[in-house]
>>> print(open('query_21.pdb').read())   # PDB, C-alpha atoms
MODEL        1
ATOM      1  CA  MET D  25      33.654   7.283 -38.847
ATOM      2  CA  LYS D  26      34.647   9.057 -35.692
ATOM      3  CA  LEU D  27      35.199  12.275 -37.653
ATOM      4  CA  ILE D  28      31.696  12.057 -39.179
ATOM      5  CA  LEU D  29      30.213  11.608 -35.729
ATOM      6  CA  VAL D  30      32.140  14.584 -34.408
ATOM      7  CA  LYS D  31      30.973  16.736 -37.356
ATOM      8  CA  ARG D  32      27.360  15.617 -36.870
ATOM      9  CA  HIS D  33      27.644  16.419 -33.181
ATOM     10  CA  GLN D  34      29.051  19.838 -33.989
ATOM     11  CA  SER D  35      26.276  20.668 -36.472
ATOM     12  CA  ASN D  36      23.684  19.590 -33.926
ATOM     13  CA  LEU D  37      25.308  21.886 -31.420
ATOM     14  CA  LYS D  38      25.053  24.849 -33.782
ATOM     15  CA  LYS D  39      21.255  24.557 -33.920
ATOM     16  CA  ASN D  40      20.671  24.959 -30.210
ATOM     17  CA  LYS D  41      23.636  26.951 -29.161
ATOM     18  CA  LEU D  42      23.488  29.331 -26.236
ATOM     19  CA  LYS D  43      26.553  31.296 -25.232
ATOM     20  CA  PHE D  44      27.482  32.102 -21.673
ATOM     21  CA  SER D  45      30.414  33.595 -19.891
ATOM     22  CA  VAL D  46      31.543  32.930 -16.345
ATOM     23  CA  LYS D  47      33.706  35.234 -14.273
ATOM     24  CA  VAL D  48      35.505  33.698 -11.325
ATOM     25  CA  THR D  49      37.015  35.952  -8.691
ATOM     26  CA  LEU D  50      38.724  35.339  -5.377
ATOM     27  CA  LYS D  51      36.521  36.070  -2.365
ATOM     28  CA  LYS D  52      37.161  39.392  -0.664
ATOM     29  CA  ASP D  53      38.898  37.885   2.381
ATOM     30  CA  VAL D  54      41.258  35.750   0.316
ATOM     31  CA  LEU D  55      44.674  37.209  -0.356
ATOM     32  CA  ASP D  56      45.317  37.768  -4.074
ATOM     33  CA  PRO D  57      49.116  38.056  -4.313
ATOM     34  CA  GLN D  58      49.142  38.139  -8.124
ATOM     35  CA  GLY D  59      46.596  40.969  -8.151
ATOM     36  CA  LYS D  60      48.718  42.846  -5.611
ATOM     37  CA  VAL D  61      51.860  42.567  -7.741
ATOM     38  CA  ILE D  62      49.978  43.725 -10.855
ATOM     39  CA  GLN D  63      48.491  46.613  -8.894
ATOM     40  CA  GLN D  64      51.904  47.656  -7.598
ATOM     41  CA  THR D  65      53.403  47.485 -11.077
ATOM     42  CA  LEU D  66      50.649  49.691 -12.511
ATOM     43  CA  LEU D  67      51.206  52.172  -9.681
ATOM     44  CA  ASN D  68      54.934  52.145 -10.413
ATOM     45  CA  MET D  69      54.073  52.893 -14.058
ATOM     46  CA  GLY D  70      52.357  56.056 -12.929
ATOM     47  CA  MET D  71      48.704  54.930 -12.952
ATOM     48  CA  ASN D  72      48.069  56.969  -9.835
ATOM     49  CA  SER D  73      44.275  56.869  -9.914
ATOM     50  CA  LEU D  74      44.309  53.075  -9.491
ATOM     51  CA  GLU D  75      42.709  52.135  -6.192
ATOM     52  CA  THR D  76      42.425  48.344  -6.116
ATOM     53  CA  LEU D  77      42.939  45.507  -8.560
ATOM     54  CA  ARG D  78      41.960  41.853  -8.173
ATOM     55  CA  GLN D  79      42.806  39.125 -10.656
ATOM     56  CA  GLY D  80      40.279  36.489 -11.722
ATOM     57  CA  LYS D  81      39.417  33.894 -14.379
ATOM     58  CA  TYR D  82      37.059  34.065 -17.342
ATOM     59  CA  PHE D  83      35.358  31.192 -19.177
ATOM     60  CA  GLU D  84      33.397  31.301 -22.463
ATOM     61  CA  ILE D  85      30.946  28.429 -22.695
ATOM     62  CA  ASP D  86      28.706  27.320 -25.588
ATOM     63  CA  ILE D  87      25.945  24.996 -24.532
ATOM     64  CA  ASN D  88      23.608  22.766 -26.557
ATOM     65  CA  GLU D  89      20.294  23.858 -25.096
ATOM     66  CA  ASN D  90      17.274  25.950 -26.167
ATOM     67  CA  ASP D  91      15.919  26.739 -22.753
ATOM     68  CA  GLU D  92      17.866  29.566 -21.163
ATOM     69  CA  ILE D  93      16.955  28.614 -17.591
ATOM     70  CA  LYS D  94      17.997  25.007 -18.121
ATOM     71  CA  ALA D  95      21.227  26.143 -19.724
ATOM     72  CA  ASN D  96      21.889  28.513 -16.872
ATOM     73  CA  ASN D  97      21.356  25.707 -14.361
ATOM     74  CA  LYS D  98      23.800  23.520 -16.262
ATOM     75  CA  ILE D  99      26.447  26.242 -16.184
ATOM     76  CA  GLU D 100      25.856  26.685 -12.486
ATOM     77  CA  GLU D 101      26.394  22.961 -11.989
ATOM     78  CA  MET D 102      29.664  23.191 -13.944
ATOM     79  CA  CYS D 103      30.781  26.017 -11.671
ATOM     80  CA  ASN D 104      29.871  24.202  -8.476
ATOM     81  CA  LYS D 105      31.397  20.897  -9.522
ATOM     82  CA  LEU D 106      34.620  21.947 -11.221
ATOM     83  CA  LEU D 107      35.184  25.477 -12.460
ATOM     84  CA  VAL D 108      35.055  27.156  -9.062
ATOM     85  CA  ASN D 109      36.521  26.287  -5.680
ATOM     86  CA  LEU D 110      33.710  27.652  -3.523
ATOM     87  CA  ILE D 111      35.926  27.918  -0.448
ATOM     88  CA  ILE D 112      37.976  30.712  -1.969
ATOM     89  CA  GLU D 113      36.181  31.831  -5.120
ATOM     90  CA  ASP D 114      32.933  33.515  -6.203
ATOM     91  CA  PHE D 115      31.444  33.311  -9.672
ATOM     92  CA  LYS D 116      29.090  35.267 -11.891
ATOM     93  CA  ILE D 117      27.310  33.782 -14.910
ATOM     94  CA  SER D 118      26.304  36.073 -17.786
ATOM     95  CA  LYS D 119      24.472  35.367 -21.021
ATOM     96  CA  ALA D 120      26.792  36.344 -23.850
TER      97      ALA D 120
ATOM     98  CA  MET W   3      50.757  -4.383   3.847
ATOM     99  CA  ASN W   4      49.324  -3.670   0.377
ATOM    100  CA  SER W   5      49.748  -0.208  -1.048
ATOM    101  CA  SER W   6      48.633   1.485  -4.249
ATOM    102  CA  VAL W   7      50.214   4.588  -5.747
ATOM    103  CA  ILE W   8      47.944   6.520  -8.093
ATOM    104  CA  VAL W   9      49.676   7.888 -11.199
ATOM    105  CA  PHE W  10      48.339  10.886 -13.139
ATOM    106  CA  PRO W  11      49.800  12.506 -16.226
ATOM    107  CA  GLY W  12      52.255  14.941 -14.639
ATOM    108  CA  SER W  13      52.860  13.018 -11.407
ATOM    109  CA  ASN W  14      56.593  13.055 -10.765
ATOM    110  CA  CYS W  15      57.049  11.702  -7.236
ATOM    111  CA  ASP W  16      55.167   8.453  -7.869
ATOM    112  CA  ARG W  17      58.286   6.360  -8.374
ATOM    113  CA  ASP W  18      60.052   7.905  -5.354
ATOM    114  CA  VAL W  19      57.105   6.883  -3.169
ATOM    115  CA  ALA W  20      57.114   3.418  -4.704
ATOM    116  CA  VAL W  21      60.840   3.022  -3.947
ATOM    117  CA  ALA W  22      60.265   4.114  -0.337
ATOM    118  CA  LEU W  23      57.304   1.745   0.087
ATOM    119  CA  GLU W  24      59.090  -1.219  -1.465
ATOM    120  CA  LYS W  25      62.184  -0.584   0.639
ATOM    121  CA  LEU W  26      59.954  -1.037   3.682
ATOM    122  CA  GLN W  27      58.396  -4.249   2.365
ATOM    123  CA  PHE W  28      55.045  -2.825   1.296
ATOM    124  CA  LYS W  29      53.536  -4.808  -1.571
ATOM    125  CA  ASN W  30      53.027  -1.895  -3.900
ATOM    126  CA  LYS W  31      51.117  -1.459  -7.148
ATOM    127  CA  MET W  32      51.084   1.547  -9.461
ATOM    128  CA  ILE W  33      47.562   2.496 -10.543
ATOM    129  CA  TRP W  34      46.902   4.574 -13.671
ATOM    130  CA  HIS W  35      44.328   7.335 -13.237
ATOM    131  CA  LYS W  36      42.072   5.972 -16.006
ATOM    132  CA  ASP W  37      41.636   2.643 -14.216
ATOM    133  CA  SER W  38      38.207   2.191 -12.736
ATOM    134  CA  SER W  39      39.048  -0.310 -10.026
ATOM    135  CA  LEU W  40      41.593  -0.477  -7.243
ATOM    136  CA  PRO W  41      43.359  -3.606  -6.041
ATOM    137  CA  LYS W  42      42.775  -4.420  -2.386
ATOM    138  CA  SER W  43      44.858  -1.818  -0.575
ATOM    139  CA  ASP W  44      45.591  -0.973   3.044
ATOM    140  CA  LEU W  45      47.210   2.267   1.942
ATOM    141  CA  ILE W  46      46.557   4.481  -1.079
ATOM    142  CA  VAL W  47      49.162   7.124  -1.885
ATOM    143  CA  ILE W  48      48.406  10.118  -4.064
ATOM    144  CA  PRO W  49      51.896  11.307  -4.988
ATOM    145  CA  GLY W  50      53.393  14.708  -5.665
ATOM    146  CA  GLY W  51      53.907  16.312  -9.024
ATOM    147  CA  PHE W  52      51.958  18.534 -11.356
ATOM    148  CA  SER W  53      48.954  16.456 -12.356
ATOM    149  CA  TYR W  54      47.454  17.816 -15.600
ATOM    150  CA  GLY W  55      49.997  20.645 -15.537
ATOM    151  CA  ASP W  56      48.138  22.271 -12.634
ATOM    152  CA  TYR W  57      45.475  23.381 -15.154
ATOM    153  CA  LEU W  58      42.487  25.292 -13.706
ATOM    154  CA  ARG W  59      43.700  24.888 -10.094
ATOM    155  CA  SER W  60      46.342  22.493  -8.786
ATOM    156  CA  GLY W  61      44.686  19.134  -8.257
ATOM    157  CA  ALA W  62      41.297  20.191  -9.696
ATOM    158  CA  ILE W  63      41.333  17.994 -12.803
ATOM    159  CA  ALA W  64      42.933  14.977 -11.097
ATOM    160  CA  GLY W  65      40.262  15.296  -8.412
ATOM    161  CA  LYS W  66      37.607  14.386 -11.020
ATOM    162  CA  SER W  67      39.464  11.441 -12.573
ATOM    163  CA  ASN W  68      38.022   7.923 -12.810
ATOM    164  CA  ILE W  69      40.156   6.378 -10.132
ATOM    165  CA  LEU W  70      39.394   9.102  -7.604
ATOM    166  CA  ASN W  71      35.817   7.812  -7.328
ATOM    167  CA  GLU W  72      37.299   4.526  -6.130
ATOM    168  CA  VAL W  73      39.709   6.320  -3.793
ATOM    169  CA  ILE W  74      36.779   8.225  -2.260
ATOM    170  CA  LYS W  75      34.862   4.968  -1.739
ATOM    171  CA  ALA W  76      37.916   3.325  -0.142
ATOM    172  CA  ALA W  77      38.501   6.373   2.051
ATOM    173  CA  ASN W  78      34.919   6.280   3.277
ATOM    174  CA  ASP W  79      35.415   2.596   4.126
ATOM    175  CA  GLY W  80      38.367   3.549   6.334
ATOM    176  CA  CYS W  81      41.289   2.784   4.000
ATOM    177  CA  LEU W  82      44.427   4.785   4.842
ATOM    178  CA  ILE W  83      45.043   7.578   2.337
ATOM    179  CA  LEU W  84      48.253   9.594   2.092
ATOM    180  CA  GLY W  85      48.371  12.648  -0.156
ATOM    181  CA  ILE W  86      51.783  14.232  -0.571
ATOM    182  CA  CYS W  87      52.189  17.732  -2.014
ATOM    183  CA  ASN W  88      50.070  17.672  -5.215
ATOM    184  CA  GLY W  89      48.363  14.673  -3.594
ATOM    185  CA  PHE W  90      47.339  16.929  -0.692
ATOM    186  CA  GLN W  91      45.999  19.474  -3.198
ATOM    187  CA  ILE W  92      44.020  16.713  -4.944
ATOM    188  CA  LEU W  93      42.547  15.534  -1.619
ATOM    189  CA  THR W  94      41.311  19.058  -0.844
ATOM    190  CA  GLU W  95      39.848  19.404  -4.349
ATOM    191  CA  THR W  96      37.892  16.165  -3.951
ATOM    192  CA  GLY W  97      36.629  17.260  -0.545
ATOM    193  CA  LEU W  98      38.217  14.309   1.277
ATOM    194  CA  LEU W  99      40.147  16.934   3.227
ATOM    195  CA  ARG W 100      38.659  20.331   3.999
ATOM    196  CA  GLY W 101      40.313  23.622   3.156
ATOM    197  CA  VAL W 102      42.406  24.666   0.211
ATOM    198  CA  LEU W 103      46.058  25.200  -0.735
ATOM    199  CA  LEU W 104      46.606  28.713  -2.003
ATOM    200  CA  ARG W 105      49.563  30.140  -3.872
ATOM    201  CA  ASN W 106      52.624  30.624  -1.638
ATOM    202  CA  LYS W 107      52.549  33.992   0.075
ATOM    203  CA  ASN W 108      55.784  35.158  -1.603
ATOM    204  CA  LEU W 109      54.484  34.001  -5.037
ATOM    205  CA  LYS W 110      57.566  31.853  -5.534
ATOM    206  CA  PHE W 111      57.976  28.157  -6.085
ATOM    207  CA  ILE W 112      59.795  26.941  -2.972
ATOM    208  CA  GLY W 113      62.097  23.935  -3.197
ATOM    209  CA  LYS W 114      64.205  23.447  -0.064
ATOM    210  CA  ASP W 115      64.670  21.498   3.142
ATOM    211  CA  VAL W 116      62.609  22.844   6.032
ATOM    212  CA  ASN W 117      62.127  21.955   9.677
ATOM    213  CA  VAL W 118      58.848  20.332  10.568
ATOM    214  CA  LYS W 119      57.637  19.509  14.083
ATOM    215  CA  THR W 120      55.525  16.487  14.986
ATOM    216  CA  ILE W 121      52.528  17.904  16.850
ATOM    217  CA  ASP W 122      50.319  14.835  17.080
ATOM    218  CA  ILE W 123      51.673  11.296  17.062
ATOM    219  CA  GLU W 124      48.624   9.399  18.227
ATOM    220  CA  ASN W 125      47.582   8.250  14.800
ATOM    221  CA  LYS W 126      48.370   5.511  12.287
ATOM    222  CA  PHE W 127      50.882   7.611  10.321
ATOM    223  CA  CYS W 128      53.066   9.095  13.057
ATOM    224  CA  ASN W 129      53.205   6.595  15.942
ATOM    225  CA  LYS W 130      56.903   5.835  15.345
ATOM    226  CA  TYR W 131      57.843   9.485  15.822
ATOM    227  CA  LYS W 132      58.353  11.165  19.186
ATOM    228  CA  LYS W 133      56.020  14.010  20.095
ATOM    229  CA  ASN W 134      57.509  17.436  19.333
ATOM    230  CA  GLN W 135      60.322  15.891  17.320
ATOM    231  CA  VAL W 136      61.943  18.281  14.825
ATOM    232  CA  LEU W 137      62.335  16.694  11.391
ATOM    233  CA  LYS W 138      64.155  17.918   8.337
ATOM    234  CA  LEU W 139      61.956  17.340   5.299
ATOM    235  CA  ASN W 140      61.975  18.664   1.758
ATOM    236  CA  ILE W 141      59.270  20.880   0.298
ATOM    237  CA  ALA W 142      58.786  21.664  -3.395
ATOM    238  CA  HIS W 143      55.608  23.523  -4.201
ATOM    239  CA  ASN W 144      54.008  26.654  -5.554
ATOM    240  CA  GLU W 145      50.649  26.242  -3.790
ATOM    241  CA  GLY W 146      51.274  25.135  -0.210
ATOM    242  CA  ASN W 147      49.636  27.968   1.669
ATOM    243  CA  TYR W 148      46.935  26.113   3.606
ATOM    244  CA  PHE W 149      43.743  28.091   4.165
ATOM    245  CA  THR W 150      40.436  27.189   5.771
ATOM    246  CA  ASP W 151      37.629  28.917   7.658
ATOM    247  CA  LYS W 152      38.040  29.919  11.314
ATOM    248  CA  GLU W 153      35.669  27.261  12.677
ATOM    249  CA  HIS W 154      37.463  24.482  10.832
ATOM    250  CA  LEU W 155      40.878  25.778  11.908
ATOM    251  CA  LYS W 156      39.725  25.684  15.532
ATOM    252  CA  GLU W 157      38.419  22.157  15.012
ATOM    253  CA  LEU W 158      41.763  21.067  13.533
ATOM    254  CA  GLU W 159      43.620  22.438  16.570
ATOM    255  CA  ASP W 160      41.132  21.217  19.196
ATOM    256  CA  LYS W 161      40.812  17.688  17.817
ATOM    257  CA  ASN W 162      44.580  17.255  17.215
ATOM    258  CA  LEU W 163      44.112  16.932  13.467
ATOM    259  CA  ILE W 164      47.376  18.757  12.655
ATOM    260  CA  PRO W 165      50.257  16.254  12.830
ATOM    261  CA  PHE W 166      52.950  18.508  11.331
ATOM    262  CA  LYS W 167      53.793  22.217  11.566
ATOM    263  CA  TYR W 168      56.672  24.200  10.087
ATOM    264  CA  CYS W 169      59.191  25.328  12.733
ATOM    265  CA  ASP W 170      62.820  26.397  13.219
ATOM    266  CA  GLU W 171      65.718  24.078  14.111
ATOM    267  CA  LYS W 172      64.812  24.229  17.778
ATOM    268  CA  GLY W 173      61.134  23.564  17.183
ATOM    269  CA  ASN W 174      59.854  27.109  17.632
ATOM    270  CA  ILE W 175      56.741  27.674  15.580
ATOM    271  CA  ASN W 176      56.448  31.227  14.326
ATOM    272  CA  GLU W 177      55.772  33.303  11.239
ATOM    273  CA  GLU W 178      59.503  33.579  10.419
ATOM    274  CA  ASN W 179      59.695  29.821   9.939
ATOM    275  CA  ASN W 180      56.566  29.604   7.867
ATOM    276  CA  PRO W 181      57.805  29.059   4.312
ATOM    277  CA  ASN W 182      54.544  29.597   2.441
ATOM    278  CA  GLY W 183      52.117  31.580   4.594
ATOM    279  CA  SER W 184      50.121  28.517   5.688
ATOM    280  CA  LEU W 185      47.614  29.161   8.520
ATOM    281  CA  ASN W 186      49.139  28.374  11.958
ATOM    282  CA  ASN W 187      52.257  27.010  10.153
ATOM    283  CA  ILE W 188      50.267  23.954   9.064
ATOM    284  CA  ALA W 189      52.341  21.466   7.027
ATOM    285  CA  GLY W 190      49.781  18.637   7.094
ATOM    286  CA  ILE W 191      46.259  17.815   8.245
ATOM    287  CA  PHE W 192      43.995  14.844   8.935
ATOM    288  CA  ASN W 193      40.320  14.306   8.296
ATOM    289  CA  ASP W 194      38.105  13.746  11.363
ATOM    290  CA  LYS W 195      38.674   9.989  11.401
ATOM    291  CA  LYS W 196      42.450  10.379  10.955
ATOM    292  CA  ASN W 197      42.588   7.862   8.115
ATOM    293  CA  ILE W 198      43.326  10.526   5.499
ATOM    294  CA  LEU W 199      46.547  12.536   5.755
ATOM    295  CA  GLY W 200      47.562  15.369   3.461
ATOM    296  CA  ILE W 201      51.061  16.847   3.775
ATOM    297  CA  MET W 202      53.069  19.330   1.731
ATOM    298  CA  PRO W 203      56.594  18.086   2.683
ATOM    299  CA  HIS W 204      57.927  14.971   0.940
ATOM    300  CA  PRO W 205      58.686  12.156   3.424
ATOM    301  CA  GLU W 206      59.571   9.822   0.525
ATOM    302  CA  ARG W 207      62.623  11.983  -0.239
ATOM    303  CA  MET W 208      64.008  11.340   3.244
ATOM    304  CA  VAL W 209      64.222   7.576   3.516
ATOM    305  CA  ASP W 210      67.887   6.985   2.695
ATOM    306  CA  GLN W 211      70.792   8.232   4.794
ATOM    307  CA  ASN W 212      73.123   8.030   1.783
ATOM    308  CA  ILE W 213      71.027  10.447  -0.249
ATOM    309  CA  SER W 214      69.497  12.759   2.328
ATOM    310  CA  ASN W 215      68.415  11.659   5.788
ATOM    311  CA  ASN W 216      66.015   9.237   7.417
ATOM    312  CA  ASP W 217      63.491  11.681   8.835
ATOM    313  CA  GLY W 218      60.692  10.605   6.523
ATOM    314  CA  ILE W 219      61.031   6.882   7.074
ATOM    315  CA  ASN W 220      58.960   6.698  10.261
ATOM    316  CA  LEU W 221      55.906   7.945   8.450
ATOM    317  CA  PHE W 222      55.932   4.721   6.458
ATOM    318  CA  THR W 223      57.105   2.398   9.256
ATOM    319  CA  SER W 224      54.357   3.763  11.538
ATOM    320  CA  LEU W 225      51.842   2.316   9.089
ATOM    321  CA  LEU W 226      53.348  -1.145   9.503
ATOM    322  CA  ASN W 227      52.728  -1.056  13.243
TER     323      ASN W 227
ENDMDL
END
>>> encode(input="query_21.pdb", output="C-alpha cells")
Amino acid sequence: MKLILVKRHQSNLKKNKLKFSVKVTLKKDVLDPQGKVIQQTLLNMGMNSLETLRQGKYFEIDINENDEIKANNKIEEMCNKLLVNLIIEDFKISKA
Amino acid sequence: MNSSVIVFPGSNCDRDVAVALEKLQFKNKMIWHKDSSLPKSDLIVIPGGFSYGDYLRSGAIAGKSNILNEVIKAANDGCLILGICNGFQILTETGLLRGVLLRNKNLKFIGKDVNVKTIDIENKFCNKYKKNQVLKLNIAHNEGNYFTDKEHLKELEDKNLIPFKYCDEKGNINEENNPNGSLNNIAGIFNDKKNILGIMPHPERMVDQNISNNDGINLFTSLLN
C-alpha cells in the first residue's frame, strides 16, 4: 500500500516538475581552509595561472510546482531554513 | 534536580554525560530525538558526538529534529541548557546561541587534553569554580573554531558571556594556546540570559580522578547550588 502511494506521489511529481540548482559558497571574509589546500595542491601541480579557489556546495532540487516564482520562493525558504548557514554562507539559486 | 539528555543517531557522549549526572545525584532521563515532549527538566543536556554523521553541516540536521522544538520552548522559559561539543554546534544551528563553529584552522580533528581558563564564574554553571582557574579538559572535535560578527564578539566580552577560554598551563591566553583558531580563544559561550551554555571541551570526561581528573565536576555541582 505504501509503495503504491509512493509511486502515485512520484507520478504526480513528474507532471509539475521544475528543476533548480543551488550553489552555496562561503562568504568572502570567512576562511576556507579546504579551498586553500586545494589551491596550493593545484599550484604545486604546476597550474601556475590559478589565482584563487574557493570550495562550495551544490544542490539539485526537483520541486512539484508549476509556477516558477512560487517554486523559487520555496527554494529560497529551504536555503534560509536549512541548506545555508547565513552567518558564513551565501547562496545562488538557478533554474536548471 | 531533574535532567534530560537528548540522544540523536550518532551521539556518542550521551552515556558519559548520564554517568556524570547520575554520579552527582541528578535524576536523569535519556530522551530520543523523535520524541515530541520533554519530561519536566531543570537541565537539558545536548551531548557530544556526530549527530546524523555531521551531514550538511555539523549539528544542522539535529537542529531541526522534533525534540529541538521542545528544547527551544524550554530554553525560552528559562530552563538551563548545556550543549557540549556537537551539542554546542547544534545550539548555534538552532539559533539558541549566536555564531557558528567552523572547521578547525589546521583542518585536523583534534582529540587531546587542553588547558581552559574560567573567565566568568558568576553564573549557574560555573559558581563552584574559582575565577581565573586553569582547568585541564579534553577536546575532541573537527569544527570547534568559533566565529561570530565583530559586534556580537564585543557584546560577548563586554557582558561577560564567555565563561571559558583556551590558555596555557599558567593561564596565559594567546594564539599559541588556541587549538582550533577560535576567536579570542573562546572555548564556550552563553546566551544573553546565561541559561544556555555551549562549550567545546568535554567536562563529563573529567569527573573521576581514577580515570582522568576532576576538573569537569564543578560544572555539574555548580548547577546543584
>>> closest_residue(input="query_21.pdb", among="D:Thr49, D:Gln79, D:Leu67, D:Ile117", to="Ile93 (chain D)", atoms="all atoms listed in the file")
D:Ile117
>>> residues_around(input="query_21.pdb", residues="Asn108 (chain W)", least_positions_apart="2", cutoff="8 Å", atoms="only C-alpha atoms", output="list of chain:residue names")
D:Pro57, W:Asn106, W:Lys110, W:Asn182
>>> atom_distance(input="query_21.pdb", atom1="CA of Lys47 (chain D)", atom2="CA of Asp114 (chain D)")
8.3 Å
>>> closest_residue(input="query_21.pdb", among="D:Cys103, D:Leu55, D:Ile28, D:Ala95", to="chain W", atoms="only C-alpha atoms")
D:Leu55
>>> atom_distance(input="query_21.pdb", atom1="CA of Phe166 (chain W)", atom2="CA of Gly51 (chain W)")
20.5 Å
>>> residues_near_point(input="query_21.pdb", point="(60.0, 12.7, -4.3)", cutoff="10 Å", atoms="all atoms listed in the file", output="PyMOL selection string")
chain W and resi 14-22+49-51+86-87+140-142+203-208
>>> write_last_selection(input="query_21.pdb", atoms="C-alpha atoms", output="CSV table (one decimal), in the frame of the given file")
chain,number,residue,atom,x,y,z
W,14,ASN,CA,56.6,13.1,-10.8
W,15,CYS,CA,57.0,11.7,-7.2
W,16,ASP,CA,55.2,8.5,-7.9
W,17,ARG,CA,58.3,6.4,-8.4
W,18,ASP,CA,60.1,7.9,-5.4
W,19,VAL,CA,57.1,6.9,-3.2
W,20,ALA,CA,57.1,3.4,-4.7
W,21,VAL,CA,60.8,3.0,-3.9
W,22,ALA,CA,60.3,4.1,-0.3
W,49,PRO,CA,51.9,11.3,-5.0
W,50,GLY,CA,53.4,14.7,-5.7
W,51,GLY,CA,53.9,16.3,-9.0
W,86,ILE,CA,51.8,14.2,-0.6
W,87,CYS,CA,52.2,17.7,-2.0
W,140,ASN,CA,62.0,18.7,1.8
W,141,ILE,CA,59.3,20.9,0.3
W,142,ALA,CA,58.8,21.7,-3.4
W,203,PRO,CA,56.6,18.1,2.7
W,204,HIS,CA,57.9,15.0,0.9
W,205,PRO,CA,58.7,12.2,3.4
W,206,GLU,CA,59.6,9.8,0.5
W,207,ARG,CA,62.6,12.0,-0.2
W,208,MET,CA,64.0,11.3,3.2
>>> atom_distance(input="query_21.pdb", atom1="CA of Gln91 (chain W)", atom2="CA of Glu171 (chain W)")
26.6 Å
>>> closest_residue(input="query_21.pdb", among="W:Leu84, W:Leu98, W:Val116, W:Val209", to="Gly190 (chain W)", atoms="all atoms listed in the file")
W:Leu84
>>> closest_atom_pairs(input="query_21.pdb", of="chain W", to="chain D", cutoff="10 Å", atoms="only C-alpha atoms", output="tab-separated table")
residue	atom	partner	partner_atom	distance
W:Leu58	CA	D:Leu107	CA	7.4
W:Arg59	CA	D:Asn109	CA	8.5
W:Ala62	CA	D:Leu106	CA	7.1
W:Ile63	CA	D:Leu106	CA	7.9
W:Gly65	CA	D:Leu106	CA	9.2
W:Lys66	CA	D:Leu106	CA	8.1
W:Thr94	CA	D:Asn109	CA	9.9
W:Glu95	CA	D:Asn109	CA	7.8
W:Thr96	CA	D:Lys105	CA	9.8
W:Arg100	CA	D:Ile111	CA	9.2
W:Gly101	CA	D:Ile111	CA	7.1
W:Val102	CA	D:Ile111	CA	7.3
W:Leu103	CA	D:Ile112	CA	9.9
W:Leu104	CA	D:Ile112	CA	8.9
W:Arg105	CA	D:Pro57	CA	7.9
W:Asn106	CA	D:Pro57	CA	8.6
W:Lys107	CA	D:Pro57	CA	6.9
W:Asn108	CA	D:Pro57	CA	7.8
W:Leu109	CA	D:Pro57	CA	6.8
W:Phe149	CA	D:Ile112	CA	8.8
W:Thr150	CA	D:Ile111	CA	7.7
W:Asp151	CA	D:Ile111	CA	8.3
>>> write_last_selection(input="query_21.pdb", atoms="C-alpha atoms", output="mmCIF file, in the frame of the given file")
data_model
loop_
_atom_site.group_PDB
_atom_site.id
_atom_site.type_symbol
_atom_site.label_atom_id
_atom_site.label_comp_id
_atom_site.auth_asym_id
_atom_site.auth_seq_id
_atom_site.Cartn_x
_atom_site.Cartn_y
_atom_site.Cartn_z
ATOM 1 C CA LEU W 58 42.487 25.292 -13.706
ATOM 2 C CA ARG W 59 43.700 24.888 -10.094
ATOM 3 C CA ALA W 62 41.297 20.191 -9.696
ATOM 4 C CA ILE W 63 41.333 17.994 -12.803
ATOM 5 C CA GLY W 65 40.262 15.296 -8.412
ATOM 6 C CA LYS W 66 37.607 14.386 -11.020
ATOM 7 C CA THR W 94 41.311 19.058 -0.844
ATOM 8 C CA GLU W 95 39.848 19.404 -4.349
ATOM 9 C CA THR W 96 37.892 16.165 -3.951
ATOM 10 C CA ARG W 100 38.659 20.331 3.999
ATOM 11 C CA GLY W 101 40.313 23.622 3.156
ATOM 12 C CA VAL W 102 42.406 24.666 0.211
ATOM 13 C CA LEU W 103 46.058 25.200 -0.735
ATOM 14 C CA LEU W 104 46.606 28.713 -2.003
ATOM 15 C CA ARG W 105 49.563 30.140 -3.872
ATOM 16 C CA ASN W 106 52.624 30.624 -1.638
ATOM 17 C CA LYS W 107 52.549 33.992 0.075
ATOM 18 C CA ASN W 108 55.784 35.158 -1.603
ATOM 19 C CA LEU W 109 54.484 34.001 -5.037
ATOM 20 C CA PHE W 149 43.743 28.091 4.165
ATOM 21 C CA THR W 150 40.436 27.189 5.771
ATOM 22 C CA ASP W 151 37.629 28.917 7.658
#
>>> closest_residue(input="query_21.pdb", among="W:Asn147, W:Asn212, W:Asn88, W:Ser43", to="Ala76 (chain W)", atoms="all atoms listed in the file")
W:Ser43
>>> resolve_selection(input="query_21.pdb", expression="the PyMOL selection byres ((chain W and resi 195) around 12)", output="PDB file with C-alpha atoms, keeping the file's coordinate frame")
ATOM      1  CA  ALA W  77      38.501   6.373   2.051  1.00  0.00           C
ATOM      2  CA  ASN W  78      34.919   6.280   3.277  1.00  0.00           C
ATOM      3  CA  ASP W  79      35.415   2.596   4.126  1.00  0.00           C
ATOM      4  CA  GLY W  80      38.367   3.549   6.334  1.00  0.00           C
ATOM      5  CA  CYS W  81      41.289   2.784   4.000  1.00  0.00           C
ATOM      6  CA  LEU W  82      44.427   4.785   4.842  1.00  0.00           C
ATOM      7  CA  ILE W  83      45.043   7.578   2.337  1.00  0.00           C
ATOM      8  CA  LEU W  98      38.217  14.309   1.277  1.00  0.00           C
ATOM      9  CA  LEU W  99      40.147  16.934   3.227  1.00  0.00           C
ATOM     10  CA  ASN W 125      47.582   8.250  14.800  1.00  0.00           C
ATOM     11  CA  LYS W 126      48.370   5.511  12.287  1.00  0.00           C
ATOM     12  CA  LEU W 158      41.763  21.067  13.533  1.00  0.00           C
ATOM     13  CA  LYS W 161      40.812  17.688  17.817  1.00  0.00           C
ATOM     14  CA  ASN W 162      44.580  17.255  17.215  1.00  0.00           C
ATOM     15  CA  LEU W 163      44.112  16.932  13.467  1.00  0.00           C
ATOM     16  CA  ILE W 191      46.259  17.815   8.245  1.00  0.00           C
ATOM     17  CA  PHE W 192      43.995  14.844   8.935  1.00  0.00           C
ATOM     18  CA  ASN W 193      40.320  14.306   8.296  1.00  0.00           C
ATOM     19  CA  ASP W 194      38.105  13.746  11.363  1.00  0.00           C
ATOM     20  CA  LYS W 196      42.450  10.379  10.955  1.00  0.00           C
ATOM     21  CA  ASN W 197      42.588   7.862   8.115  1.00  0.00           C
ATOM     22  CA  ILE W 198      43.326  10.526   5.499  1.00  0.00           C
ATOM     23  CA  LEU W 199      46.547  12.536   5.755  1.00  0.00           C
TER      24      LEU W 199
END
